[in-house]
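Visitor: So that you have it, the file is protein_10.txt, and it contains compact mmCIF, C-alpha atoms:
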```
# COMPACT_ATOMS: atom_id res chain seq x y z
CA MET A 22 47.65 35.15 40.87
CA ASN A 23 45.66 38.36 41.19
CA LEU A 24 47.24 39.67 38.00
CA LEU A 25 46.27 36.43 36.20
CA LEU A 26 42.68 36.66 37.41
CA ALA A 27 42.51 40.29 36.39
CA PHE A 28 43.83 39.41 32.92
CA LEU A 29 41.33 36.59 32.46
CA GLN A 30 38.47 38.83 33.52
CA SER A 31 39.56 41.47 31.05
CA VAL A 32 39.44 39.02 28.11
CA PRO A 33 35.95 39.05 26.56
CA PRO A 34 34.25 35.65 26.46
CA VAL A 35 34.39 33.82 23.13
CA VAL A 36 30.84 33.43 21.86
CA PRO A 37 30.51 31.26 18.77
CA ASP A 38 28.93 32.93 15.76
CA THR A 39 25.36 31.64 15.60
CA SER A 40 25.43 31.66 11.80
CA VAL A 41 28.50 29.40 11.78
CA VAL A 42 26.89 27.01 14.29
CA GLU A 43 23.75 26.91 12.16
CA LEU A 44 25.79 26.09 9.06
CA PHE A 45 27.46 23.18 10.85
CA GLN A 46 24.08 21.90 12.00
CA LYS A 47 22.69 22.07 8.49
CA GLY A 48 25.76 20.30 7.16
CA ALA A 49 25.27 17.52 9.70
CA VAL A 50 21.64 17.08 8.59
CA CYS A 51 22.82 16.80 4.97
CA LEU A 52 25.40 14.17 5.88
CA LEU A 53 22.76 12.14 7.72
CA ILE A 54 20.37 12.34 4.77
CA GLY A 55 23.11 11.24 2.39
CA ALA A 56 24.19 8.45 4.71
CA LEU A 57 20.62 7.11 4.94
CA VAL A 58 20.36 6.76 1.17
CA GLY A 59 23.99 5.66 0.81
CA ILE A 60 23.60 2.77 3.25
CA GLU A 61 20.67 1.43 1.25
CA ARG A 62 22.53 1.77 -2.07
CA GLU A 63 25.65 0.11 -0.65
CA ARG A 64 23.60 -2.75 0.77
CA SER A 65 21.77 -3.44 -2.49
CA GLN A 66 24.72 -3.17 -4.85
CA ASP A 67 25.49 -5.90 -7.36
CA GLU A 68 28.88 -7.41 -6.60
CA HIS A 69 29.53 -7.80 -10.33
CA ARG A 70 28.87 -4.15 -11.20
CA MET A 71 30.62 -0.93 -10.26
CA LEU A 72 28.39 1.14 -7.97
CA PHE A 73 27.64 4.71 -9.08
CA ALA A 74 27.47 5.98 -5.49
CA GLY A 75 27.42 4.34 -2.06
CA ILE A 76 27.85 4.98 1.62
CA ARG A 77 30.66 7.51 1.09
CA THR A 78 29.49 9.27 -2.05
CA PHE A 79 25.87 10.01 -1.18
CA PRO A 80 26.71 12.05 1.97
CA LEU A 81 29.18 14.01 -0.16
CA ILE A 82 26.49 14.61 -2.80
CA ALA A 83 24.12 15.99 -0.14
CA LEU A 84 26.95 18.15 1.20
CA LEU A 85 27.72 19.38 -2.34
CA GLY A 86 24.12 20.47 -2.77
CA PHE A 87 24.19 22.24 0.57
CA LEU A 88 27.47 24.07 -0.12
CA SER A 89 26.28 25.02 -3.59
CA ALA A 90 23.22 26.63 -2.04
CA VAL A 91 25.39 28.40 0.55
CA LEU A 92 27.59 29.85 -2.20
CA GLY A 93 24.51 30.74 -4.22
CA HIS A 94 23.16 32.67 -1.26
CA ALA A 95 26.46 34.49 -0.76
CA ALA A 96 27.61 35.12 -4.33
CA GLY A 97 24.40 34.93 -6.34
CA THR A 98 22.00 32.25 -7.51
CA TRP A 99 24.01 31.77 -10.70
CA THR A 100 26.63 30.00 -8.58
CA LEU A 101 24.09 27.39 -7.50
CA GLY A 102 23.05 26.98 -11.13
CA VAL A 103 26.66 26.37 -12.20
CA PHE A 104 27.25 23.69 -9.56
CA ALA A 105 23.88 22.04 -10.21
CA SER A 106 24.54 21.95 -13.96
CA GLY A 107 28.01 20.53 -13.42
CA PHE A 108 26.73 17.81 -11.12
CA LEU A 109 23.86 16.94 -13.49
CA ALA A 110 26.36 16.65 -16.34
CA LEU A 111 28.52 14.32 -14.24
CA VAL A 112 25.53 12.09 -13.50
CA VAL A 113 24.45 11.98 -17.14
CA VAL A 114 27.94 11.11 -18.38
CA SER A 115 28.28 8.41 -15.74
CA TYR A 116 24.91 6.92 -16.64
CA PHE A 117 25.63 6.72 -20.36
CA HIS A 118 29.00 5.16 -19.62
CA GLU A 119 27.42 2.46 -17.45
CA ALA A 120 24.33 1.92 -19.62
CA ARG A 121 26.13 1.09 -22.84
CA ASP A 122 25.24 -2.59 -22.58
CA GLY A 123 21.56 -1.77 -21.99
CA SER A 124 21.31 -3.58 -18.65
CA HIS A 125 21.86 -0.67 -16.29
CA GLY A 126 18.95 1.20 -14.69
CA ALA A 127 18.95 4.83 -13.65
CA THR A 128 17.75 4.40 -10.06
CA SER A 129 21.02 5.34 -8.35
CA GLU A 130 21.58 8.30 -10.66
CA VAL A 131 18.08 9.68 -10.05
CA ALA A 132 18.54 9.11 -6.31
CA ALA A 133 21.80 11.08 -6.46
CA ILE A 134 20.07 14.04 -8.12
CA ILE A 135 17.34 13.97 -5.47
CA VAL A 136 19.91 13.86 -2.66
CA PHE A 137 21.69 16.87 -4.21
CA LEU A 138 18.40 18.79 -4.22
CA LEU A 139 17.70 17.75 -0.63
CA GLY A 140 21.02 19.27 0.36
CA VAL A 141 19.92 22.51 -1.31
CA LEU A 142 16.59 22.42 0.54
CA VAL A 143 18.35 22.02 3.88
CA GLN A 144 20.21 25.28 3.30
CA TYR A 145 16.86 27.01 2.76
CA GLU A 146 15.61 25.41 6.01
CA PHE A 147 13.03 23.07 4.49
CA TYR A 148 13.98 20.52 7.12
CA ALA A 149 10.70 18.61 7.29
CA VAL A 150 10.45 18.29 3.50
CA SER A 151 14.10 17.22 3.20
CA ILE A 152 13.99 14.56 5.91
CA ALA A 153 10.59 13.20 4.85
CA SER A 154 11.74 13.04 1.23
CA ALA A 155 14.90 11.18 2.24
CA VAL A 156 12.84 8.62 4.15
CA VAL A 157 10.41 8.14 1.25
CA LEU A 158 13.32 7.86 -1.21
CA THR A 159 15.01 5.21 0.93
CA LEU A 160 11.72 3.35 1.29
CA PHE A 161 11.23 3.15 -2.47
CA LEU A 162 14.82 2.02 -2.95
CA THR A 163 14.36 -0.69 -0.31
CA VAL A 164 11.08 -2.18 -1.56
CA LYS A 165 12.34 -3.01 -5.03
CA GLY A 166 11.68 -6.73 -4.54
CA PRO A 167 8.07 -6.43 -3.30
CA LEU A 168 7.26 -3.87 -6.01
CA GLN A 169 8.59 -6.17 -8.71
CA LYS A 170 6.47 -9.01 -7.29
CA LEU A 171 3.44 -6.72 -7.30
CA VAL A 172 3.96 -5.76 -10.96
CA ALA A 173 4.32 -9.42 -11.90
CA ARG A 174 0.97 -10.21 -10.25
CA VAL A 175 -0.99 -7.28 -11.65
CA GLN A 176 -3.52 -8.53 -14.19
CA PRO A 177 -4.60 -6.50 -17.24
CA GLU A 178 -8.11 -6.22 -15.81
CA ASP A 179 -6.64 -4.62 -12.67
CA MET A 180 -4.99 -1.94 -14.79
CA TYR A 181 -8.16 -1.32 -16.81
CA ALA A 182 -10.33 -1.05 -13.70
CA THR A 183 -7.91 1.33 -11.96
CA LEU A 184 -7.46 3.51 -15.04
CA LYS A 185 -11.22 3.78 -15.67
CA PHE A 186 -11.81 4.75 -12.05
CA ALA A 187 -9.00 7.33 -12.14
CA ILE A 188 -10.26 8.84 -15.40
CA ILE A 189 -13.83 9.09 -14.15
CA THR A 190 -12.64 10.65 -10.91
CA ALA A 191 -10.28 13.12 -12.57
CA ILE A 192 -12.82 14.21 -15.19
CA VAL A 193 -16.15 13.91 -13.41
CA LEU A 194 -15.26 15.00 -9.86
CA PRO A 195 -14.32 18.62 -10.75
CA LEU A 196 -17.59 18.92 -12.72
CA LEU A 197 -19.85 17.70 -9.91
CA PRO A 198 -21.62 20.53 -8.06
CA ASP A 199 -20.35 21.09 -4.53
CA THR A 200 -23.78 21.94 -3.13
CA THR A 201 -26.58 20.07 -1.43
CA PHE A 202 -29.97 19.49 -2.98
CA GLY A 203 -33.04 17.34 -2.55
CA PRO A 204 -36.03 17.45 -0.17
CA LEU A 205 -33.87 17.23 2.97
CA ASP A 206 -30.92 19.18 1.56
CA VAL A 207 -28.37 16.45 2.41
CA LEU A 208 -27.28 15.09 -1.00
CA ASN A 209 -24.03 16.63 -2.24
CA PRO A 210 -22.81 15.04 -5.52
CA ARG A 211 -19.16 15.97 -5.05
CA GLN A 212 -19.16 14.81 -1.43
CA ILE A 213 -20.78 11.52 -2.42
CA TRP A 214 -18.05 10.82 -4.97
CA TYR A 215 -15.38 11.82 -2.44
CA MET A 216 -16.78 9.10 -0.18
CA VAL A 217 -16.62 6.60 -3.04
CA VAL A 218 -12.96 7.48 -3.63
CA LEU A 219 -12.22 7.15 0.11
CA ILE A 220 -13.74 3.68 0.47
CA ALA A 221 -12.23 2.43 -2.79
CA GLY A 222 -8.83 3.78 -1.74
CA ILE A 223 -8.91 2.05 1.65
CA SER A 224 -9.96 -1.24 0.05
CA PHE A 225 -7.35 -0.84 -2.68
CA LEU A 226 -4.55 -0.62 -0.10
CA GLY A 227 -5.63 -4.01 1.21
CA TYR A 228 -5.95 -5.33 -2.33
CA VAL A 229 -2.39 -4.25 -3.14
CA THR A 230 -1.17 -5.87 0.09
CA VAL A 231 -2.77 -9.14 -0.96
CA LYS A 232 -1.10 -8.87 -4.38
CA ILE A 233 2.32 -8.20 -2.83
CA LEU A 234 2.08 -11.16 -0.48
CA GLY A 235 1.25 -13.46 -3.34
CA PRO A 236 -1.50 -15.90 -4.21
CA LYS A 237 -0.67 -18.48 -1.54
CA ARG A 238 -0.65 -17.44 2.09
CA GLY A 239 -1.35 -19.00 5.44
CA LEU A 240 -4.94 -18.95 6.61
CA THR A 241 -4.31 -16.41 9.36
CA LEU A 242 -2.46 -14.00 7.07
CA THR A 243 -5.14 -14.42 4.42
CA GLY A 244 -7.81 -13.54 6.98
CA LEU A 245 -5.89 -10.46 8.06
CA THR A 246 -5.11 -9.07 4.61
CA GLY A 247 -8.34 -10.24 3.00
CA GLY A 248 -10.30 -8.52 5.75
CA LEU A 249 -8.83 -5.20 4.61
CA VAL A 250 -10.58 -5.66 1.26
CA SER A 251 -13.73 -7.65 2.07
CA SER A 252 -14.35 -9.60 5.25
CA THR A 253 -17.55 -10.92 3.66
CA ALA A 254 -15.54 -12.51 0.83
CA VAL A 255 -13.18 -14.13 3.37
CA THR A 256 -16.13 -15.45 5.40
CA LEU A 257 -17.82 -16.93 2.33
CA SER A 258 -14.65 -18.53 1.00
CA PHE A 259 -13.42 -20.03 4.27
CA SER A 260 -16.87 -21.27 5.25
CA GLN A 261 -17.12 -23.22 2.00
CA LYS A 262 -13.55 -24.51 2.27
CA SER A 263 -14.17 -25.74 5.82
CA LYS A 264 -16.36 -28.46 4.33
CA GLU A 265 -13.43 -29.62 2.20
CA ALA A 266 -11.03 -29.69 5.19
CA PRO A 267 -13.08 -30.05 8.40
CA ASP A 268 -9.92 -30.84 10.40
CA LEU A 269 -8.85 -27.20 9.84
CA ALA A 270 -12.16 -25.82 11.09
CA LYS A 271 -10.57 -24.18 14.13
CA THR A 272 -8.02 -22.34 11.99
CA PHE A 273 -10.70 -21.34 9.50
CA ALA A 274 -12.83 -20.00 12.36
CA SER A 275 -9.92 -18.00 13.75
CA SER A 276 -9.22 -16.45 10.35
CA ILE A 277 -12.88 -15.60 9.76
CA VAL A 278 -13.24 -13.86 13.12
CA LEU A 279 -9.97 -12.00 12.54
CA ALA A 280 -11.06 -10.85 9.06
CA CYS A 281 -14.36 -9.58 10.46
CA SER A 282 -12.53 -7.78 13.29
CA ILE A 283 -10.49 -5.80 10.75
CA MET A 284 -13.74 -4.06 9.89
CA PHE A 285 -13.60 -2.11 13.16
CA PRO A 286 -10.22 -0.32 12.64
CA ARG A 287 -11.40 0.39 9.10
CA ILE A 288 -14.36 2.26 10.61
CA LEU A 289 -11.94 4.44 12.58
CA ILE A 290 -9.97 5.31 9.44
CA GLU A 291 -13.13 6.39 7.64
CA ILE A 292 -14.30 8.54 10.54
CA ALA A 293 -10.84 10.09 10.98
CA VAL A 294 -10.95 11.33 7.38
CA VAL A 295 -14.54 12.59 7.39
CA ASN A 296 -15.12 13.85 10.95
CA PRO A 297 -12.16 13.86 13.39
CA SER A 298 -14.33 15.24 16.21
CA LEU A 299 -16.48 12.11 16.09
CA LEU A 300 -13.31 10.00 16.13
CA ALA A 301 -12.38 11.43 19.54
CA TYR A 302 -15.74 10.23 20.88
CA ILE A 303 -16.07 6.83 19.23
CA TRP A 304 -12.56 5.38 19.23
CA PRO A 305 -12.64 3.85 22.77
CA HIS A 306 -15.77 1.88 21.89
CA ILE A 307 -14.36 0.66 18.57
CA ALA A 308 -11.07 -0.22 20.29
CA ILE A 309 -12.94 -2.41 22.80
CA LEU A 310 -14.86 -4.08 19.97
CA THR A 311 -11.63 -4.70 18.05
CA ALA A 312 -9.93 -6.14 21.13
CA SER A 313 -12.78 -8.59 21.66
CA GLY A 314 -12.56 -9.84 18.08
CA VAL A 315 -8.77 -10.16 18.07
CA THR A 316 -8.86 -11.92 21.44
CA ALA A 317 -11.44 -14.41 20.20
CA SER A 318 -9.33 -15.04 17.09
CA LEU A 319 -6.14 -15.60 19.11
CA VAL A 320 -7.89 -18.00 21.48
CA LEU A 321 -9.11 -20.05 18.52
CA LEU A 322 -5.63 -19.93 17.01
CA LEU A 323 -4.08 -21.58 20.07
CA GLY A 324 -3.70 -25.30 19.81
CA LYS A 325 -4.50 -25.53 16.12
CA LYS A 326 -3.43 -28.78 14.49
CA LYS A 327 -1.74 -27.36 11.41
CA ASP A 328 -1.88 -24.52 8.95
CA THR A 329 -2.22 -24.56 5.21
CA ILE A 330 -1.95 -22.15 2.32
CA THR A 331 -5.01 -20.86 0.57
CA ASP A 332 -6.33 -17.99 -1.46
CA VAL A 333 -9.50 -15.90 -1.54
CA GLU A 334 -10.87 -14.42 -4.76
CA LEU A 335 -11.03 -10.65 -4.26
CA LYS A 336 -12.21 -8.10 -6.80
CA ASN A 337 -10.39 -4.88 -7.58
CA PRO A 338 -12.10 -2.20 -5.42
CA PHE A 339 -11.68 0.26 -8.31
CA GLU A 340 -14.20 -1.63 -10.46
CA LEU A 341 -16.35 1.15 -11.86
CA MET A 342 -19.72 -0.56 -11.38
CA THR A 343 -18.84 -1.45 -7.79
CA ALA A 344 -17.92 2.16 -7.09
CA LEU A 345 -21.10 3.49 -8.70
CA LYS A 346 -23.23 1.07 -6.68
CA PHE A 347 -21.57 2.19 -3.46
CA GLY A 348 -22.18 5.84 -4.39
CA LEU A 349 -25.88 5.14 -4.89
CA VAL A 350 -26.09 3.17 -1.64
CA PHE A 351 -24.32 5.94 0.28
CA ALA A 352 -26.65 8.59 -1.16
CA LEU A 353 -29.70 6.48 -0.27
CA ILE A 354 -28.53 5.78 3.27
CA ILE A 355 -27.61 9.37 4.10
CA PHE A 356 -31.04 10.47 2.81
CA VAL A 357 -32.91 7.75 4.72
CA SER A 358 -30.91 8.40 7.89
CA LYS A 359 -31.70 12.11 7.78
CA ALA A 360 -35.37 11.45 7.11
CA ALA A 361 -35.50 8.89 9.92
CA GLN A 362 -33.96 11.37 12.34
CA ILE A 363 -36.43 14.12 11.40
CA TYR A 364 -39.62 12.04 11.43
CA LEU A 365 -38.79 9.22 13.87
CA GLY A 366 -36.04 10.66 16.07
CA ASP A 367 -33.00 8.70 17.22
CA GLY A 368 -34.98 5.45 17.06
CA GLY A 369 -35.41 5.92 13.32
CA VAL A 370 -31.66 6.47 12.90
CA TYR A 371 -30.94 3.26 14.78
CA LEU A 372 -33.43 1.35 12.62
CA ALA A 373 -31.82 2.68 9.45
CA ALA A 374 -28.39 1.72 10.79
CA GLY A 375 -29.54 -1.81 11.54
CA LEU A 376 -31.00 -2.24 8.07
CA SER A 377 -27.83 -0.85 6.49
CA GLY A 378 -25.68 -3.21 8.52
CA LEU A 379 -27.37 -6.16 6.83
CA THR A 380 -25.31 -5.48 3.72
CA ASP A 381 -22.58 -2.93 4.47
CA VAL A 382 -21.01 -0.87 7.25
CA ASP A 383 -18.99 1.65 5.24
CA ALA A 384 -21.98 3.59 3.90
CA ILE A 385 -23.70 4.04 7.26
CA THR A 386 -20.38 4.94 8.91
CA LEU A 387 -19.75 7.72 6.41
CA SER A 388 -23.36 8.87 6.64
CA MET A 389 -23.22 9.14 10.42
CA ALA A 390 -19.85 10.86 10.30
CA ASN A 391 -21.28 13.47 7.92
CA LEU A 392 -24.57 13.97 9.75
CA SER A 393 -22.84 14.29 13.14
CA LYS A 394 -21.18 17.46 11.87
CA GLY A 395 -24.57 19.15 12.11
CA ALA A 396 -27.74 18.46 14.05
CA MET A 397 -27.05 14.82 14.99
CA SER A 398 -25.25 14.26 18.29
CA GLU A 399 -22.01 12.30 18.45
CA SER A 400 -23.65 9.85 20.88
CA THR A 401 -26.44 9.05 18.40
CA ALA A 402 -23.95 8.63 15.56
CA THR A 403 -21.78 6.32 17.69
CA VAL A 404 -24.70 4.12 18.69
CA ALA A 405 -25.87 3.91 15.07
CA ILE A 406 -22.41 2.86 13.84
CA LEU A 407 -22.11 0.26 16.59
CA ILE A 408 -25.56 -1.13 15.73
CA ALA A 409 -24.56 -1.44 12.07
CA ALA A 410 -21.29 -3.15 13.03
CA VAL A 411 -23.05 -5.61 15.34
CA VAL A 412 -25.73 -6.43 12.74
CA ASN A 413 -23.09 -6.90 10.03
CA THR A 414 -21.08 -9.18 12.30
CA ALA A 415 -24.23 -11.20 12.99
CA VAL A 416 -24.80 -11.56 9.24
CA LYS A 417 -21.27 -12.93 8.77
CA ALA A 418 -21.79 -15.29 11.69
CA GLY A 419 -24.93 -16.50 9.89
CA ILE A 420 -22.93 -17.05 6.71
CA ALA A 421 -20.36 -19.14 8.56
CA TRP A 422 -23.12 -21.08 10.34
CA SER A 423 -25.15 -21.85 7.22
CA LEU A 424 -22.33 -22.51 4.72
CA GLY A 425 -19.60 -23.95 6.94
CA ALA A 426 -18.89 -27.42 8.23
CA ALA A 427 -20.36 -28.55 11.54
CA ALA A 428 -16.95 -28.17 13.21
CA LEU A 429 -16.71 -24.58 11.94
CA ARG A 430 -20.03 -23.74 13.60
CA ARG A 431 -18.75 -25.08 16.90
CA TYR A 432 -15.74 -22.75 16.84
CA THR A 433 -17.23 -19.63 15.26
CA LEU A 434 -20.15 -19.54 17.69
CA PRO A 435 -18.09 -18.55 20.77
CA GLY A 436 -15.81 -16.32 18.67
CA PHE A 437 -18.59 -14.28 17.12
CA GLY A 438 -20.56 -14.56 20.35
CA LEU A 439 -17.89 -12.64 22.27
CA VAL A 440 -17.83 -9.87 19.65
CA LEU A 441 -21.61 -9.58 19.52
CA LEU A 442 -21.95 -9.57 23.29
CA THR A 443 -19.30 -6.85 23.59
CA GLY A 444 -21.04 -4.75 20.97
CA LEU A 445 -24.46 -5.10 22.63
CA VAL A 446 -23.02 -4.13 26.01
CA LEU A 447 -21.40 -1.02 24.51
CA ILE A 448 -24.67 -0.02 22.83
CA PHE A 449 -26.64 -0.60 26.06
CA VAL A 450 -24.22 1.50 28.08
CA LEU A 451 -24.35 4.37 25.58
CA LEU A 452 -28.15 4.32 25.49
CA LEU A 453 -28.31 4.52 29.30
CA ALA A 454 -25.75 7.34 29.52
```
Could you rewrite the structure in this file as structure tokens?

Guide:
Amino acid sequence: MNLLLAFLQSVPPVVPDTSVVELFQKGAVCLLIGALVGIERERSQDEHRMLFAGIRTFPLIALLGFLSAVLGHAAGTWTLGVFASGFLALVVVSYFHEARDGSHGATSEVAAIIVFLLGVLVQYEFYAVSIASAVVLTLFLTVKGPLQKLVARVQPEDMYATLKFAIITAIVLPLLPDTTFGPLDVLNPRQIWYMVVLIAGISFLGYVTVKILGPKRGLTLTGLTGGLVSSTAVTLSFSQKSKEAPDLAKTFASSIVLACSIMFPRILIEIAVVNPSLLAYIWPHIAILTASGVTASLVLLLGKKKDTITDVELKNPFELMTALKFGLVFALIIFVSKAAQIYLGDGGVYLAAGLSGLTDVDAITLSMANLSKGAMSESTATVAILIAAVVNTAVKAGIAWSLGAAALRRYTLPGFGLVLLTGLVLIFVLLLA
């Protein structure tokens, strides 16, 4: 026994080569990336057509890319070029063989080339890029149906509006001076157009969502998605429709309050992009305001008689004139807000915020987010944004009250009342702090 122990102690411990372990780990990542894409391709295959690559082939393609990169690192980059060229030739030959009848797309073939490249990237330790790219690739492969529906619902005027906006932005934005000017030194042409692009982009995401979901949706879903684009448009439309169907007044009221509550998370997105430090200060207050609106909407939703499908006419947020008008409004508000702060103090800022809230919340939100980077305190900016949000909510409550059926007034009053009361309490608490 002693001899055995002595022998075992004399044998050096076997320590695995770290480079070999690392290679196995990288290979495992490649297999997982390939499997993610392969599962999606296998699931979506046409039973009447031979699949180019599926759950087995895509992991092997990722592994091929990885091993090609390993050999390229060991024997020279020409080795990687040889394997990449050979694989590309295989894909091209396979595509032309399958596409002879003209009915075969190239999605799987392109996905295979991307997976090969992701395997190469893993070898060079671009893990985050490889994994994120695999997820995005799988997402695009999965949403084929919704994307096709979206394309079918895109109108020519949508394309023209988006293209004009993109051209103006791509050509004009680099030419705009990135410097402030004016009496108060707060107007920056490039920054103003950046804000226009930001607001149009946020609204466009909601607009695309509405297009994907289709022209006929339930009232609640219409309120939710329509609120991403324009809660004012939802309020106007549903208030008028409540006169045509007064028995659905409770559901209309719930959808209106919900659409108007979407304005509050939208404020957080805008602030997060422009001034993250202000976001850390304001988000609890906006979260409370959002919770009050969603709660009021859910309470109204309970016990509804029935739902129906409806639509709200929404304009493309990339309409050039709409964007230019917002740019002018934003420039005016940031100038007025700065002047009010200098000559009237915080009270002047609050007055400007209240007046701005009569028509729009986005412009004053961006103005306060910009000004709070400098001399304005985060507390003052938060109060101003809350005032604008409360005033804007009151305006929409007035629209529902004046244009809606009598039953709609009965339901929207407590719903909007809860939101307004919550906002006023938050403002009062901040002013006393």

Visitor: Which of these residues is nearest to A:Leu392, using all atoms listed in the file: A:Val295, A:Ile309, A:Leu84, A:Val450?

Guide: A:Val295

Visitor: What is the atom CA of A:Leu453-atom CA of A:Thr403 distance in Å, reported with one decimal?

Guide: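 Between atom CA of A:Leu453 and atom CA of A:Thr403 the gap is 13.4 Å.
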
Visitor: My list of candidates is A:Ala56, A:Ile307, A:Ala301, A:Ile189. Which is closest to A:Glu399 when distances are computed with all atoms listed in the file?

Guide: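 Checking each of A:Ala56, A:Ile307, A:Ala301, A:Ile189 against A:Glu399, counting all atoms listed in the file, the winner is A:Ala301.
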
Visitor: Kindly give the distance, in Å, that separates atom CA of A:Ala421 and atom CA of A:Ser260, rounded to a single decimal.

Guide: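 Rounded to one decimal, the two atoms are 5.3 Å apart.
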
Visitor: With all atoms listed in the file as the basis for distance, which of A:Ala317, A:Leu194, A:Pro297, A:Phe137 is at the shortest distance from A:Leu109?

Guide: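 Among A:Ala317, A:Leu194, A:Pro297, A:Phe137, it is A:Phe137 that comes nearest to A:Leu109.
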
Visitor: Near A:Leu219, within 9 Å and counting all atoms listed in the file, which residues show up once chain neighbours fewer than 5 positions away are dropped, as a compact mmCIF listing (two decimals) with C-alpha atoms, keeping the file's coordinate frame?

Guide:
```txt
# COMPACT_ATOMS: atom_id res chain seq x y z
CA TRP A 214 -18.05 10.82 -4.97
CA SER A 224 -9.96 -1.24 0.05
CA GLU A 291 -13.13 6.39 7.64
CA VAL A 294 -10.95 11.33 7.38
```

Visitor: Point out the residue among A:Ala187, A:Asn391, A:Lys165, A:Ala384 with the least atom-to-atom distance to A:Asn209, counting all atoms listed in the file.

Guide: A:Asn391

Visitor: Enter the distance from atom CA of A:Ala153 to atom CA of A:Glu43, in Å, rounded to one decimal.

Guide: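 Value for the atom CA of A:Ala153-atom CA of A:Glu43 distance: 20.4 Å.
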